[in-house]
Amino acid sequence: MSDGSGGTYNTAAYSTVGIQAETVHNSQVYIVPPDASPQEKYKVGVRFLEEGVPSRARELIGDAIAHGHDNAEVRFHWVLAMLSARAYHELGAEELQRLHYASGLVGAYAEGEWKDALRVTFELLAMLSTPDGGTGRVLERLRALPPLRREAILHHLDLVLTGGLKDSLWSEHRERAEAERFGHDRVQRVWAYFEPDPIGPRALPPRPRADATGQAAVPVRAGLFAVSVGVFSVLALLAEPATAVPLLLLAGGAAAALVRFGRAWWYQEHRLKAAGARSPAPHTVGPASASDGFTKSVRQSFQYYFGVHVPRGLTAPQWLSLSAGVRDGLVAEIAVLYRESRIGVDRVNWLIRHLAEDARDRHDDGTLFDQGPQHRTPVPAKALCVVAFIVLAFTTFGLLGAVASGSGAFRTLLAVLALAGAFWSGRTAATLWLQAKDEEREVAEEHRAYQERLAARQAAYQSWKSYLDTTRPSELEMETWLSCDKTLFVDEALRHYQLTWRDLITHTILVTPARPYKRGRVKGGPWRYSRYSFRLFLVTQDGVREISTEFDFTDGKRENEQRSNYRFDALSSVQVTERSNVGYDLELVLTNGPARNIRVKDADTHQLAPDENAQEIAEINLNAAGFIHTFRLLEGIAADGKKWIERNNPNNLPPFRAPD
């Protein structure tokens with residue numbers, strides 16, 4: 001598999017190699033039909049919320065509520081969507097008013113865990129400006145909630161909860177992240193998320209049947225042969241009946257044996273000559289395809305897989321040299337079958353791997369190069385054909401002798417002419433008839449071989465697709481793992497700086513791609529990457545602490561960690577550059593250093609489906625990256641400095657009245 005920079009990497013069992021930078025899975029999990037019911041919109045909205053896109057969740061769940069789908073469960077997820085990935089001070093006056101209105105509806109909902117969770121969420125909001133000593137009752141009620149409800153609140157209110165309230169919850173939140181970080185066999189399954197959906201199996205169909213104009217002469221030649229044989233036989237019977245009858249019977253038996261066994265012998269010899277006339281090792285695929293990018297990628301992929309799947313007793317270099325002709329033929333076939341689809345070789349690598357394994361297996365059982373055994377006629381059959389031919393020749397001369405001894409010169413001449421006509425017409429008719437039957441048999445064999453190849457490829461395709469479907473992580477699993485990674489990264493930063501949540505005014509984490517990477521997404525969803533760059537900003541009374549690291553999503557290993565500290569007045573400006581063919585860049589300008597450019601996301605317009613909106617997908621990706629909150633925070637600090645911090649200090653937040 002390859003990354004966004006074009007490099008090639010191996011993954012795990014069933015892995016592929018080729019040009020694979022981007023993968024879009026054609027799933028319907030994020031698709032909302034135009035005629036979707038409020039219930040359907042709500043379900044998709046919850047999926048967006050759970051999988052890291054709260055902005056879309058707010059829209060869909062809010063729309064479901066507006067159309068009458070409202071209960072404690074729906075309202076709970078709507079509140080989480082309103083607060084997820086946002087600090088309390090980012091809420092506008094209208095949004096706060098809507099939250100206050102929703103808090104007044106709690107009492108009307110049916111009792112149950114959803115109502116309890118909704119009530120606790122509003123009580124936590126009310127505790128934001130409450131001294132630490134007054135939060136005990138709310139924390140007890142939070143811990144009494146079912147684990148899934150409790151963890152959802154802690155996850156989505158991450159930027160809202162501050163101070164001692166969050167200190168009280170952080171330890172168990174961190175422990176949960178440690179427990180789930182590599183859950184569900186993450187290390188062995190992440191690669192499959194970035195694996196492309198395989199394209200369906202294809203095989204070259206049988207060649208069109210050759211022009212059979214020569215077959216039209218067969219009836220004429222056969223008729224002439226029958227007349228000639230008939231005349232010759234009648235002449236022999238008229239001349240010496242006693243001698244002619246047994247000879248004619250013997251000649252008929254010899255002719256029947258010759259047709260029965262000679263036909264198979266002729267066919268096999270003809271196939272051997274045809275095979276010898278063809279080049280067994282075509283080293284070119286034609287001037288039209290040899291130099292194009294797709295064929296080049298196919299050739300590289302074949303070379304890789306043939307180098308991996310090596311027959312017994314051979315080294316990889318030996319096998320690559322020995323199989324050069326076979327590979328060239330397969331390269332030509334794949335290039336012809338799939339080039340017009342305008343796909344990357346990564347989607348057909350499953351078939352290339354299957355063909356490499358098949359070539360190895362056929363080499364091991366001796367059928368890859370040696371085609372002789374299936375074209376050999378048994379020796380007894382050949383011997384019988386020779387004997388039948390000799391018998392036919394002797395009986396023919398015997399019959400001719402009988403005519404010559406028992407008839408006059410005219411009948412003898414007529415017999416000779418009939419025999420010559422029978423030989424000429426019979427030879428021509430037999431040749432044309434054998435060629436026609438050979439063509440029919442060859443077409444039938446090619447069709448049978450085509451069906452066998454296609455069936456084998458269909459089985460390989462289904463096996464690979466089934467393996468991918470069962471191995472590929474879900475969106476929820478990918479988001480859960482990423483959330484755990486961010487939690488533990490934040491915890492490590494707090495420990496390094498010896499900070500508690502009481503010491504923080506606010507924080508934000510920006511998650512961006514780190515090259516080289518592979519990336520993939522579900523249709524309608526955000527991009528997910530094999531390598532990330534985490535950039536954490538911890539805002540305290542003394543200034544801003546910035547910690548960045550590059551992170552391998554498969555195994556959780558980090559590298560290239562950097563730390564920097566600066567005062568509020570050191571951040572002079574923040575700006576965003578959007579280039580449709582490149583992506584989004586965030587530029588931080590410090591008064592005491594050069595500007596720093598941060599690639600927030602790469603361009604994805606060329607990877608959009610026809611029914612996807614480019615602006616909507618861009619907003620989903622920016623929201624999932626934490627960009628909106630990060631940009632507002634840094635922009636506010638750059639504009640107002642210390643005043644912004646004082647204005648948005650958690651201790652100065654306006655109170656939120658929870659329902660009784």
# chains A, B, ... in the order shown; residues from 1 in each chain; ligands from 1
$ residues_around --residues "Arg567 of chain A" --least-positions-apart "2" --cutoff "12 Å" --atoms "only C-alpha atoms" --output "PDB file with all heavy atoms, in the first residue's frame"
ATOM      1  N   LEU A 538      -2.256  24.483  25.297  1.00  0.00           N
ATOM      2  CA  LEU A 538      -2.718  24.602  26.683  1.00  0.00           C
ATOM      3  C   LEU A 538      -2.620  26.070  27.077  1.00  0.00           C
ATOM      4  O   LEU A 538      -1.518  26.653  27.082  1.00  0.00           O
ATOM      5  CB  LEU A 538      -1.854  23.747  27.615  1.00  0.00           C
ATOM      6  CG  LEU A 538      -1.823  22.236  27.319  1.00  0.00           C
ATOM      7  CD1 LEU A 538      -0.829  21.547  28.245  1.00  0.00           C
ATOM      8  CD2 LEU A 538      -3.208  21.629  27.471  1.00  0.00           C
ATOM      9  N   VAL A 539      -3.748  26.653  27.400  1.00  0.00           N
ATOM     10  CA  VAL A 539      -3.786  28.087  27.729  1.00  0.00           C
ATOM     11  C   VAL A 539      -3.903  28.233  29.245  1.00  0.00           C
ATOM     12  O   VAL A 539      -4.868  27.756  29.861  1.00  0.00           O
ATOM     13  CB  VAL A 539      -4.971  28.777  27.033  1.00  0.00           C
ATOM     14  CG1 VAL A 539      -4.972  30.276  27.355  1.00  0.00           C
ATOM     15  CG2 VAL A 539      -4.905  28.558  25.519  1.00  0.00           C
ATOM     16  N   THR A 540      -2.922  28.861  29.851  1.00  0.00           N
ATOM     17  CA  THR A 540      -2.917  29.125  31.290  1.00  0.00           C
ATOM     18  C   THR A 540      -2.801  30.633  31.522  1.00  0.00           C
ATOM     19  O   THR A 540      -2.674  31.417  30.565  1.00  0.00           O
ATOM     20  CB  THR A 540      -1.737  28.407  31.971  1.00  0.00           C
ATOM     21  OG1 THR A 540      -0.509  29.029  31.547  1.00  0.00           O
ATOM     22  CG2 THR A 540      -1.714  26.922  31.608  1.00  0.00           C
ATOM     23  N   GLN A 541      -2.805  31.043  32.783  1.00  0.00           N
ATOM     24  CA  GLN A 541      -2.667  32.463  33.110  1.00  0.00           C
ATOM     25  C   GLN A 541      -1.319  33.013  32.668  1.00  0.00           C
ATOM     26  O   GLN A 541      -1.175  34.219  32.427  1.00  0.00           O
ATOM     27  CB  GLN A 541      -2.841  32.668  34.620  1.00  0.00           C
ATOM     28  CG  GLN A 541      -4.242  32.378  35.139  1.00  0.00           C
ATOM     29  CD  GLN A 541      -5.246  33.424  34.700  1.00  0.00           C
ATOM     30  OE1 GLN A 541      -4.888  34.495  34.201  1.00  0.00           O
ATOM     31  NE2 GLN A 541      -6.533  33.137  34.879  1.00  0.00           N
ATOM     32  N   ASP A 542      -0.313  32.122  32.548  1.00  0.00           N
ATOM     33  CA  ASP A 542       1.039  32.573  32.216  1.00  0.00           C
ATOM     34  C   ASP A 542       1.306  32.638  30.720  1.00  0.00           C
ATOM     35  O   ASP A 542       2.325  33.182  30.303  1.00  0.00           O
ATOM     36  CB  ASP A 542       2.066  31.635  32.862  1.00  0.00           C
ATOM     37  CG  ASP A 542       1.940  31.623  34.372  1.00  0.00           C
ATOM     38  OD1 ASP A 542       1.633  32.682  34.946  1.00  0.00           O
ATOM     39  OD2 ASP A 542       2.136  30.540  34.964  1.00  0.00           O
ATOM     40  N   GLY A 543       0.443  32.046  29.916  1.00  0.00           N
ATOM     41  CA  GLY A 543       0.686  32.045  28.478  1.00  0.00           C
ATOM     42  C   GLY A 543       0.189  30.767  27.835  1.00  0.00           C
ATOM     43  O   GLY A 543      -0.649  30.049  28.393  1.00  0.00           O
ATOM     44  N   VAL A 544       0.748  30.486  26.661  1.00  0.00           N
ATOM     45  CA  VAL A 544       0.319  29.340  25.862  1.00  0.00           C
ATOM     46  C   VAL A 544       1.461  28.337  25.773  1.00  0.00           C
ATOM     47  O   VAL A 544       2.598  28.699  25.468  1.00  0.00           O
ATOM     48  CB  VAL A 544      -0.101  29.772  24.444  1.00  0.00           C
ATOM     49  CG1 VAL A 544      -0.530  28.562  23.613  1.00  0.00           C
ATOM     50  CG2 VAL A 544      -1.221  30.806  24.501  1.00  0.00           C
ATOM     51  N   ARG A 545       1.151  27.091  26.051  1.00  0.00           N
ATOM     52  CA  ARG A 545       2.098  25.999  25.849  1.00  0.00           C
ATOM     53  C   ARG A 545       1.622  25.177  24.652  1.00  0.00           C
ATOM     54  O   ARG A 545       0.489  24.701  24.635  1.00  0.00           O
ATOM     55  CB  ARG A 545       2.201  25.132  27.100  1.00  0.00           C
ATOM     56  CG  ARG A 545       2.883  25.831  28.269  1.00  0.00           C
ATOM     57  CD  ARG A 545       2.849  24.949  29.509  1.00  0.00           C
ATOM     58  NE  ARG A 545       3.653  25.480  30.602  1.00  0.00           N
ATOM     59  CZ  ARG A 545       3.242  26.383  31.482  1.00  0.00           C
ATOM     60  NH1 ARG A 545       2.005  26.862  31.374  1.00  0.00           N
ATOM     61  NH2 ARG A 545       4.040  26.817  32.433  1.00  0.00           N
ATOM     62  N   GLU A 546       2.504  25.023  23.696  1.00  0.00           N
ATOM     63  CA  GLU A 546       2.172  24.300  22.471  1.00  0.00           C
ATOM     64  C   GLU A 546       3.031  23.041  22.379  1.00  0.00           C
ATOM     65  O   GLU A 546       4.253  23.102  22.474  1.00  0.00           O
ATOM     66  CB  GLU A 546       2.404  25.186  21.244  1.00  0.00           C
ATOM     67  CG  GLU A 546       2.113  24.488  19.928  1.00  0.00           C
ATOM     68  CD  GLU A 546       2.488  25.350  18.733  1.00  0.00           C
ATOM     69  OE1 GLU A 546       2.698  26.566  18.906  1.00  0.00           O
ATOM     70  OE2 GLU A 546       2.582  24.787  17.625  1.00  0.00           O
ATOM     71  N   SER A 564       6.859  24.327  22.640  1.00  0.00           N
ATOM     72  CA  SER A 564       7.194  25.756  22.655  1.00  0.00           C
ATOM     73  C   SER A 564       6.222  26.479  23.578  1.00  0.00           C
ATOM     74  O   SER A 564       5.074  26.055  23.744  1.00  0.00           O
ATOM     75  CB  SER A 564       7.134  26.350  21.240  1.00  0.00           C
ATOM     76  OG  SER A 564       5.840  26.185  20.681  1.00  0.00           O
ATOM     77  N   ASN A 565       6.692  27.561  24.184  1.00  0.00           N
ATOM     78  CA  ASN A 565       5.885  28.382  25.087  1.00  0.00           C
ATOM     79  C   ASN A 565       5.959  29.834  24.616  1.00  0.00           C
ATOM     80  O   ASN A 565       7.016  30.302  24.160  1.00  0.00           O
ATOM     81  CB  ASN A 565       6.417  28.293  26.530  1.00  0.00           C
ATOM     82  CG  ASN A 565       6.490  26.851  27.021  1.00  0.00           C
ATOM     83  OD1 ASN A 565       5.572  26.087  26.803  1.00  0.00           O
ATOM     84  ND2 ASN A 565       7.590  26.496  27.664  1.00  0.00           N
ATOM     85  N   ASP A 569       0.854  38.012  24.193  1.00  0.00           N
ATOM     86  CA  ASP A 569       1.146  39.086  23.243  1.00  0.00           C
ATOM     87  C   ASP A 569       2.159  38.665  22.179  1.00  0.00           C
ATOM     88  O   ASP A 569       2.446  39.426  21.257  1.00  0.00           O
ATOM     89  CB  ASP A 569       1.649  40.333  23.989  1.00  0.00           C
ATOM     90  CG  ASP A 569       2.873  40.032  24.849  1.00  0.00           C
ATOM     91  OD1 ASP A 569       3.336  38.867  24.851  1.00  0.00           O
ATOM     92  OD2 ASP A 569       3.361  40.963  25.524  1.00  0.00           O
ATOM     93  N   ALA A 570       2.729  37.454  22.298  1.00  0.00           N
ATOM     94  CA  ALA A 570       3.676  36.989  21.292  1.00  0.00           C
ATOM     95  C   ALA A 570       2.963  36.481  20.037  1.00  0.00           C
ATOM     96  O   ALA A 570       3.548  36.403  18.961  1.00  0.00           O
ATOM     97  CB  ALA A 570       4.559  35.882  21.866  1.00  0.00           C
ATOM     98  N   LEU A 571       1.686  36.106  20.170  1.00  0.00           N
ATOM     99  CA  LEU A 571       0.911  35.627  19.026  1.00  0.00           C
ATOM    100  C   LEU A 571       0.272  36.837  18.347  1.00  0.00           C
ATOM    101  O   LEU A 571      -0.715  37.400  18.822  1.00  0.00           O
ATOM    102  CB  LEU A 571      -0.164  34.647  19.499  1.00  0.00           C
ATOM    103  CG  LEU A 571      -1.015  33.961  18.426  1.00  0.00           C
ATOM    104  CD1 LEU A 571      -0.149  33.155  17.468  1.00  0.00           C
ATOM    105  CD2 LEU A 571      -2.048  33.053  19.083  1.00  0.00           C
ATOM    106  N   SER A 572       0.881  37.236  17.241  1.00  0.00           N
ATOM    107  CA  SER A 572       0.453  38.495  16.632  1.00  0.00           C
ATOM    108  C   SER A 572      -0.676  38.328  15.627  1.00  0.00           C
ATOM    109  O   SER A 572      -1.513  39.225  15.476  1.00  0.00           O
ATOM    110  CB  SER A 572       1.653  39.169  15.934  1.00  0.00           C
ATOM    111  OG  SER A 572       2.156  38.350  14.892  1.00  0.00           O
ATOM    112  N   LEU A 590       4.242  34.745  15.049  1.00  0.00           N
ATOM    113  CA  LEU A 590       4.701  35.174  16.360  1.00  0.00           C
ATOM    114  C   LEU A 590       5.578  36.411  16.205  1.00  0.00           C
ATOM    115  O   LEU A 590       6.286  36.574  15.207  1.00  0.00           O
ATOM    116  CB  LEU A 590       5.486  34.058  17.052  1.00  0.00           C
ATOM    117  CG  LEU A 590       4.726  32.743  17.292  1.00  0.00           C
ATOM    118  CD1 LEU A 590       5.644  31.714  17.922  1.00  0.00           C
ATOM    119  CD2 LEU A 590       3.507  32.975  18.162  1.00  0.00           C
ATOM    120  N   THR A 591       5.545  37.273  17.208  1.00  0.00           N
ATOM    121  CA  THR A 591       6.329  38.508  17.136  1.00  0.00           C
ATOM    122  C   THR A 591       7.824  38.242  17.196  1.00  0.00           C
ATOM    123  O   THR A 591       8.619  39.039  16.699  1.00  0.00           O
ATOM    124  CB  THR A 591       5.938  39.450  18.287  1.00  0.00           C
ATOM    125  OG1 THR A 591       6.131  38.757  19.533  1.00  0.00           O
ATOM    126  CG2 THR A 591       4.489  39.878  18.153  1.00  0.00           C
ATOM    127  N   ASN A 592       8.209  37.127  17.787  1.00  0.00           N
ATOM    128  CA  ASN A 592       9.637  36.863  17.968  1.00  0.00           C
ATOM    129  C   ASN A 592      10.117  35.677  17.144  1.00  0.00           C
ATOM    130  O   ASN A 592      11.068  34.990  17.507  1.00  0.00           O
ATOM    131  CB  ASN A 592       9.941  36.595  19.447  1.00  0.00           C
ATOM    132  CG  ASN A 592       9.136  35.415  19.978  1.00  0.00           C
ATOM    133  OD1 ASN A 592       8.224  34.947  19.312  1.00  0.00           O
ATOM    134  ND2 ASN A 592       9.476  34.951  21.161  1.00  0.00           N
ATOM    135  N   ILE A 637      -6.972  35.087  20.906  1.00  0.00           N
ATOM    136  CA  ILE A 637      -5.765  35.450  21.657  1.00  0.00           C
ATOM    137  C   ILE A 637      -4.928  36.436  20.876  1.00  0.00           C
ATOM    138  O   ILE A 637      -4.394  37.414  21.432  1.00  0.00           O
ATOM    139  CB  ILE A 637      -4.961  34.182  21.993  1.00  0.00           C
ATOM    140  CG1 ILE A 637      -5.742  33.291  22.958  1.00  0.00           C
ATOM    141  CG2 ILE A 637      -3.609  34.536  22.582  1.00  0.00           C
ATOM    142  CD1 ILE A 637      -5.071  31.973  23.247  1.00  0.00           C
ATOM    143  N   ALA A 638      -4.793  36.200  19.544  1.00  0.00           N
ATOM    144  CA  ALA A 638      -3.990  37.110  18.725  1.00  0.00           C
ATOM    145  C   ALA A 638      -4.606  38.504  18.676  1.00  0.00           C
ATOM    146  O   ALA A 638      -3.893  39.518  18.646  1.00  0.00           O
ATOM    147  CB  ALA A 638      -3.851  36.547  17.310  1.00  0.00           C
ATOM    148  N   GLY A 641      -5.244  39.297  23.138  1.00  0.00           N
ATOM    149  CA  GLY A 641      -4.206  38.963  24.103  1.00  0.00           C
ATOM    150  C   GLY A 641      -4.780  38.623  25.466  1.00  0.00           C
ATOM    151  O   GLY A 641      -5.728  37.857  25.599  1.00  0.00           O
ATOM    152  N   LYS A 642      -4.216  39.198  26.491  1.00  0.00           N
ATOM    153  CA  LYS A 642      -4.587  38.911  27.878  1.00  0.00           C
ATOM    154  C   LYS A 642      -6.061  39.218  28.140  1.00  0.00           C
ATOM    155  O   LYS A 642      -6.724  38.523  28.922  1.00  0.00           O
ATOM    156  CB  LYS A 642      -3.709  39.740  28.802  1.00  0.00           C
ATOM    157  CG  LYS A 642      -3.824  39.383  30.285  1.00  0.00           C
ATOM    158  CD  LYS A 642      -3.077  38.116  30.596  1.00  0.00           C
ATOM    159  CE  LYS A 642      -3.021  37.881  32.090  1.00  0.00           C
ATOM    160  NZ  LYS A 642      -2.266  36.660  32.451  1.00  0.00           N
ATOM    161  N   ILE A 645      -8.283  36.282  27.420  1.00  0.00           N
ATOM    162  CA  ILE A 645      -8.182  35.252  28.446  1.00  0.00           C
ATOM    163  C   ILE A 645      -9.003  35.635  29.671  1.00  0.00           C
ATOM    164  O   ILE A 645      -9.739  34.816  30.228  1.00  0.00           O
ATOM    165  CB  ILE A 645      -6.704  35.025  28.834  1.00  0.00           C
ATOM    166  CG1 ILE A 645      -5.910  34.556  27.609  1.00  0.00           C
ATOM    167  CG2 ILE A 645      -6.590  34.034  29.964  1.00  0.00           C
ATOM    168  CD1 ILE A 645      -6.420  33.261  27.036  1.00  0.00           C
TER     169      ILE A 645
END
$ atom_distance --atom1 "atom CA of Leu125 of chain A" --atom2 "atom CA of Arg58 of chain A"
18.3 Å
$ atom_distance --atom1 "atom CA of Lys601 of chain A" --atom2 "atom CA of Phe534 of chain A"
12.9 Å
$ atom_distance --atom1 "atom CA of Leu320 of chain A" --atom2 "atom CA of Ala455 of chain A"
26.7 Å
